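Undergrad: Okay, here's the structure, questions in a sec.
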Amino acid sequence: MRRREWIRGVASAAVLLAATGCANGNKRSSNSNAPAEAKDAAPAANTLPDGVVSRQFGQAKVTWIRDNEPGQIRANQMFVGADSTQIARWAPDGGVPTATAAYLIEVEGKRILIDTANGRPESRLMPSLAALGIKPEAIDYIYITHFHGDHLGGMLKDGAPVFPNAQVYVSTPEYDAWMTSPALAERRAQAEATMKAYESRLHKFALGDTLPGGVVSMDAVGHTPGHVAYIIDKCLIGGDFVHGAALQLAHPELCARFDMDVPKSVESRKRLMAYAKENGMTLAGMHLPAPGFIEKW
Ligand SMILES: [Zn+2]
């Protein structure tokens, strides 16, 4: 019955298949999972590496690249105020299907990374880029959604820049908050080191500005003080607008514990979802489960 509720309640069939597959909590090997995920998520893209899904939006190709092994769930205790009925329906196995990902936009002959995921030894972003034939020096731009470690972490390795040619774009309110706010002082070191390492090619922008490649930045403040969503054609990449899509798309009033400003997070989540729906857009986000794109919710 839970599978049917998924169909009625939230997501596309692709998300359904992938998410229910993940929800059993099994940690399958990437090899054994590859055919199933490729088949479920993107029938036309079965030559892509495991954990990689591409979609075309106008002139832009957008590719979801999962950083972690499949099967990740976000514990239901992480969602503040969720009641037992909501948990029973949307997190029946103790958590909500999730993932950590970055997106690659290829447009106008340029390659743009939206975030860089964790940068841990086991991270899959770099191996997946290599499998796509993309070297780090071929990344032209990096647009950051916010300064948490699962988004910035892939920019440095052993303190040195991973992407030698990328121009880096960050929102001014996010930069200012992390560099100056006393509330973020204890968590500042990684952001500070990363910004310093890319200092000569760092660009700050105002929320709403259009960036190279025609990518439009959108105010998604709440999760962090300068949290950004990015729009390319009919794809809205919402950053950390949700951490457990099944639960939060049905109940956008619920926040994960990571959201720094709860009222603003709720407002941004509802606004992004409404904007995407009104404009016939596909939703993407750094913590969506496979296939990393949601057409219906
Ligand atoms: Zn995150």
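Scheme for the structure tokens: letters A, B, ... for chains in order shown; per-chain residue numbers from 1; ligand numbers from 1 in order shown.
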Using only C-alpha atoms and all ligand atoms, which residues of chain A come within 8 Å of ligand 1, and what is the closest atom pair for each, with the distance in Å to one decimal? Give it as a Markdown table, sorted by chain and residue number.
TA:
```
| residue | atom | partner | partner_atom_place_in_ligand_line | distance |
| --- | --- | --- | --- | --- |
| A:Thr100 | CA | ligand 1 | 1 (Zn) | 6.9 |
| A:His148 | CA | ligand 1 | 1 (Zn) | 6.4 |
| A:Gly149 | CA | ligand 1 | 1 (Zn) | 7.6 |
| A:Asp150 | CA | ligand 1 | 1 (Zn) | 5.3 |
| A:His151 | CA | ligand 1 | 1 (Zn) | 6.2 |
| A:Gly239 | CA | ligand 1 | 1 (Zn) | 7.4 |
| A:Asp240 | CA | ligand 1 | 1 (Zn) | 5.4 |
| A:His243 | CA | ligand 1 | 1 (Zn) | 7.5 |
| A:Met286 | CA | ligand 1 | 1 (Zn) | 6.5 |
| A:His287 | CA | ligand 1 | 1 (Zn) | 6.6 |
```
Undergrad: Where does DSSP see alpha helix (DSSP H) in segment 178-293 of chain A, if you list the residues as a PyMOL selection string?
TA: chain A and resi 178-180+188-197+245-250+262-278
Undergrad: For segment 119-121 of chain A, find every residue with an atom within 10 Å (counting only C-alpha atoms), except residues of its own chain fewer than 5 positions away, and show them as a PDB file with C-alpha atoms, in the first residue's frame.
TA:
```
ATOM      1  CA  ASP A  67      27.901  11.657  -4.459  1.00  0.00           C
ATOM      2  CA  ASN A  68      26.991   8.827  -2.106  1.00  0.00           C
ATOM      3  CA  MET A 126      34.918  13.014  -9.376  1.00  0.00           C
ATOM      4  CA  GLY A 149      30.319  21.091   3.709  1.00  0.00           C
ATOM      5  CA  ASP A 150      28.246  18.725   1.582  1.00  0.00           C
ATOM      6  CA  HIS A 151      28.128  21.453  -1.101  1.00  0.00           C
ATOM      7  CA  LEU A 152      31.556  23.089  -0.831  1.00  0.00           C
ATOM      8  CA  GLY A 153      33.539  20.057   0.225  1.00  0.00           C
ATOM      9  CA  GLY A 154      34.490  18.919  -3.261  1.00  0.00           C
ATOM     10  CA  MET A 155      36.215  22.195  -4.126  1.00  0.00           C
ATOM     11  CA  LEU A 156      39.391  21.432  -2.171  1.00  0.00           C
ATOM     12  CA  LYS A 157      41.584  18.384  -1.860  1.00  0.00           C
ATOM     13  CA  VAL A 162      40.292  20.740  -7.313  1.00  0.00           C
TER      14      VAL A 162
END
```
Undergrad: Run DSSP on the backbone and tell me which residues of segment 96-127 of chain A come out as strand (DSSP E or B); list them as an NGL selection string.
TA: :A and (96-97 or 101-107 or 110-114)
Undergrad: Go ahead and write the residues just picked, C-alpha atoms, as a PDB file, in the first residue's frame.
TA:
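File produced: part.pdb:
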```pdb
ATOM      1  CA  VAL A  96      12.854   9.323   4.045  1.00  0.00           C
ATOM      2  CA  PRO A  97      14.777   8.410   0.849  1.00  0.00           C
ATOM      3  CA  ALA A 101      24.326  15.225  -5.243  1.00  0.00           C
ATOM      4  CA  ALA A 102      25.766  17.887  -7.484  1.00  0.00           C
ATOM      5  CA  TYR A 103      24.414  18.903 -10.891  1.00  0.00           C
ATOM      6  CA  LEU A 104      26.340  19.531 -14.081  1.00  0.00           C
ATOM      7  CA  ILE A 105      24.849  21.988 -16.585  1.00  0.00           C
ATOM      8  CA  GLU A 106      26.220  21.894 -20.120  1.00  0.00           C
ATOM      9  CA  VAL A 107      25.082  24.910 -22.108  1.00  0.00           C
ATOM     10  CA  LYS A 110      30.367  25.626 -21.153  1.00  0.00           C
ATOM     11  CA  ARG A 111      30.333  23.238 -18.214  1.00  0.00           C
ATOM     12  CA  ILE A 112      28.843  24.520 -14.991  1.00  0.00           C
ATOM     13  CA  LEU A 113      28.872  22.593 -11.718  1.00  0.00           C
ATOM     14  CA  ILE A 114      26.136  23.458  -9.267  1.00  0.00           C
TER      15      ILE A 114
END
```
Undergrad: Smallest atom-to-atom distance to Ser171 of chain A: which of A:Leu211, A:Ala220, A:Ala197, A:Val228, using only C-alpha atoms?
TA: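 For Ser171 of chain A, the nearest of the given residues is A:Val228.
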Undergrad: In terms of the shortest atom-to-atom distance over only C-alpha atoms, which of A:Thr224, A:Glu108, A:Pro49, A:Asp219 is closest to Gly133 of chain A?
TA: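 The answer is A:Pro49, which sits nearest to Gly133 of chain A.
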Undergrad: So, with only C-alpha atoms as the atoms that count, which of A:Asp233, A:Glu69, A:Glu199, A:Glu192 lies closest to Ala166 of chain A?
TA: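 So, comparing all the options, the nearest one is A:Glu199.
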Undergrad: Hey, which of A:Ala284, A:Phe241, A:Lys277, A:Pro70 ends up closest to Ser265 of chain A? Count only C-alpha atoms.
TA: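 Ranked by minimum distance to Ser265 of chain A, first place goes to A:Phe241.
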Undergrad: Of the candidates A:Ala229, A:Val80, A:Ile73, A:Ala91, which one gets nearest to Ile144 of chain A if we count only C-alpha atoms?
TA: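 Of all the options, A:Ala229 lies closest to Ile144 of chain A.
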Undergrad: Would you kindly return, as an mmCIF file with C-alpha atoms, in the first residue's frame, each protein, DNA or RNA residue with an atom no farther than 10 Å from any atom of Cys255 of chain A, considering only C-alpha atoms and excluding same-chain residues fewer than 2 positions away?
TA:
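Writing done, so here's around-v2.cif:
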```cif
data_model
loop_
_atom_site.group_PDB
_atom_site.id
_atom_site.type_symbol
_atom_site.label_atom_id
_atom_site.label_comp_id
_atom_site.auth_asym_id
_atom_site.auth_seq_id
_atom_site.Cartn_x
_atom_site.Cartn_y
_atom_site.Cartn_z
ATOM 1 C CA MET A 78 15.508 14.913 11.592
ATOM 2 C CA PHE A 79 12.183 16.451 10.566
ATOM 3 C CA VAL A 80 11.007 18.860 13.208
ATOM 4 C CA GLY A 81 7.353 18.597 14.181
ATOM 5 C CA ALA A 82 6.410 15.704 11.910
ATOM 6 C CA HIS A 223 18.174 26.978 4.968
ATOM 7 C CA PHE A 241 14.983 23.270 -0.325
ATOM 8 C CA VAL A 242 14.092 19.732 0.850
ATOM 9 C CA HIS A 243 16.058 17.027 2.670
ATOM 10 C CA GLY A 244 13.345 14.375 2.508
ATOM 11 C CA LEU A 247 7.687 14.030 3.319
ATOM 12 C CA GLN A 248 8.400 17.696 2.595
ATOM 13 C CA HIS A 251 4.165 18.783 3.910
ATOM 14 C CA PRO A 252 6.296 21.805 2.952
ATOM 15 C CA GLU A 253 5.633 23.277 6.391
ATOM 16 C CA ARG A 257 16.916 20.304 11.594
ATOM 17 C CA PHE A 258 19.521 21.720 9.215
ATOM 18 C CA ASP A 259 17.315 24.676 8.230
ATOM 19 C CA MET A 260 18.744 27.692 10.056
ATOM 20 C CA ASP A 261 15.722 29.984 9.755
ATOM 21 C CA VAL A 262 12.537 27.943 9.980
ATOM 22 C CA PRO A 263 9.928 30.533 8.851
ATOM 23 C CA SER A 265 12.821 28.029 4.953
ATOM 24 C CA VAL A 266 9.124 27.187 4.861
ATOM 25 C CA ARG A 269 10.171 25.953 -0.037
#
```
Undergrad: Rank nothing, just name the residue among A:Gly238, A:Pro136, A:Pro161, A:Pro173 nearest to Leu288 of chain A, using only C-alpha atoms.
TA: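 Closest candidate: A:Gly238.
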Undergrad: Neighbouring residues of Leu283 of chain A were defined as those with any atom within 10 Å, considering only C-alpha atoms; residues of the same chain fewer than 2 positions away were excluded. Please report them as a compact mmCIF listing (two decimals) with N, CA and C atoms, in the first residue's frame.
TA:
```txt
# COMPACT_ATOMS: atom_id res chain seq x y z
N ILE A 231 17.99 28.49 -11.85
CA ILE A 231 17.05 28.12 -12.90
C ILE A 231 17.78 28.11 -14.23
N LYS A 234 13.73 25.14 -18.14
CA LYS A 234 12.58 24.68 -17.33
C LYS A 234 13.01 23.78 -16.18
N CYS A 235 14.22 23.94 -15.73
CA CYS A 235 14.72 23.16 -14.59
C CYS A 235 15.04 24.10 -13.44
N LEU A 236 14.46 23.84 -12.28
CA LEU A 236 14.72 24.64 -11.08
C LEU A 236 15.50 23.78 -10.09
N ILE A 237 16.77 24.13 -9.89
CA ILE A 237 17.62 23.39 -8.97
C ILE A 237 17.55 24.08 -7.61
N GLY A 238 16.83 23.48 -6.70
CA GLY A 238 16.46 24.17 -5.46
C GLY A 238 17.45 24.07 -4.32
N LEU A 272 9.28 28.23 -4.02
CA LEU A 272 9.96 27.52 -5.10
C LEU A 272 9.04 26.48 -5.74
N MET A 273 8.34 25.73 -4.91
CA MET A 273 7.44 24.71 -5.44
C MET A 273 6.34 25.34 -6.27
N ALA A 276 7.80 26.71 -9.62
CA ALA A 276 8.08 25.63 -10.58
C ALA A 276 6.78 25.10 -11.18
N LYS A 277 5.78 24.94 -10.35
CA LYS A 277 4.50 24.41 -10.84
C LYS A 277 3.84 25.38 -11.81
N GLY A 280 5.59 25.28 -15.21
CA GLY A 280 5.78 24.00 -15.86
C GLY A 280 7.20 23.48 -15.78
N MET A 281 7.84 23.71 -14.62
CA MET A 281 9.25 23.34 -14.46
C MET A 281 9.41 21.98 -13.78
N GLY A 285 17.19 19.04 -6.90
CA GLY A 285 17.66 19.47 -5.59
C GLY A 285 18.75 18.54 -5.10
N LEU A 288 17.54 15.21 -3.33
CA LEU A 288 16.50 14.34 -3.88
C LEU A 288 17.08 12.94 -4.06
N GLY A 292 16.81 12.23 -9.20
CA GLY A 292 17.31 13.60 -9.04
C GLY A 292 16.49 14.65 -9.73
N PHE A 293 15.39 14.25 -10.35
CA PHE A 293 14.49 15.20 -11.02
C PHE A 293 13.05 14.79 -10.68
N ILE A 294 12.19 15.76 -10.42
CA ILE A 294 10.79 15.48 -10.14
C ILE A 294 9.93 16.34 -11.05
N GLU A 295 9.14 15.69 -11.87
CA GLU A 295 8.26 16.42 -12.81
C GLU A 295 6.89 16.70 -12.22
N LYS A 296 6.44 15.83 -11.33
CA LYS A 296 5.10 15.99 -10.75
C LYS A 296 5.19 15.80 -9.25
N TRP A 297 4.45 16.65 -8.54
CA TRP A 297 4.42 16.50 -7.08
C TRP A 297 3.12 17.04 -6.54
```
Undergrad: How far is it from atom CA of Lys270 of chain A to atom CA of Pro225 of chain A, in Å with one decimal?
TA: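 Atom-to-atom, atom CA of Lys270 of chain A to atom CA of Pro225 of chain A, that is 17.1 Å.
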Undergrad: So the first atom is atom CA of Tyr198 of chain A and the second is atom CA of Ala183 of chain A; what is the distance between them in Å, to one decimal place?
TA: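 Atom-to-atom, atom CA of Tyr198 of chain A to atom CA of Ala183 of chain A, that is 23.9 Å.
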